[in-house]
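Student: One structure, as structure tokens, below. Some questions next.
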Amino acid sequence: MADDLQSRRAVIAGVGAGGLALALTACGADTDTPDDAVAAGPAKSGAPGGALGRTADIPVGGGTVFKEQKIVVTQPTAGDFKAFTAVCTHQGCTVASVANGLIQCPCHGGKYKIEDGSVAGGPPKGPLAETAIKVEGDQITLA
């Protein structure tokens with residue numbers, strides 16, 4: 001009986017250790033990144049030189065929200081790229097989309113102009129802060 005009890009304890013301890021190893025592995029590196037983000041290289045949130053994307057990814061008259069970096073890049077006119085914080089000045093939500101010349105926050109309907117980040121509608125009281133970017137060739141990086 002004592003041997004059976006020791007065997008059961010060994011099995012339970014082994015299962016617990018295996019579960020812990022699995023949990024620690026699951027907490028490791030995030031591998032769910034878009035293929036184009038991997039091709040552009042690792043993005044460094046807020047760090048100079050951090051890759052954001054390609055110029056072709058930013059439509060003229062529109063923009064793209066880079067949620068991980070909390071930055072929105074717009075192209076109001078062909079070849080004119082602007083970047084702003086993606087954090088809404090109303091209550092700190094992250095803006096979600098750019099359409100019809102406006103950066104849009106989904107939380108309370110805040111809208112900002114793609115040209116300068118100024119408030120175009122909704123409850124925000126102030127503009128989105130401009131963020132420095134660098135455009136070299138077809139690459140957009142944080143400046």
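We name chains A, B, ... following the order of the structure tokens; residues begin at 1 in each chain, and ligands are numbered from 1 as shown.
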Need to verify the contact set: region 109-118 of chain A, 9 Å, only C-alpha atoms, exclusion of same-chain residues closer than 2 positions in sequence. Can you return it as a VMD selection string?
Tutor: chain A and resid 61 to 63 73 to 77 81 to 85 88 to 90 95 98 101 to 107 120 to 124 126 to 130
Student: Interatomic distance between CA of Gln91 (chain A) and CA of Ile58 (chain A)?
Tutor: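 If I compute the distance from CA of Gln91 (chain A) to CA of Ile58 (chain A), I get 26.2 Å.
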Student: Could you name the residues that touch Gly137 (chain A) at 12 Å or less, counting only C-alpha atoms, but leaving out those on the same chain fewer than 3 positions away, as JSON, numbers by chain?
Tutor: {"A": [53, 54, 55, 56, 79, 134, 140, 141]}
Student: Report the distance between CA of Gly92 (chain A) and CA of Pro48 (chain A) in Å, rounded to one decimal place.
Tutor: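 Those two atoms sit 22.9 Å apart.
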Student: Would you work out the distance separating CA of Cys93 (chain A) from CA of Gly49 (chain A), expressed in Å to one decimal?
Tutor: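 It comes out at 25.2 Å.
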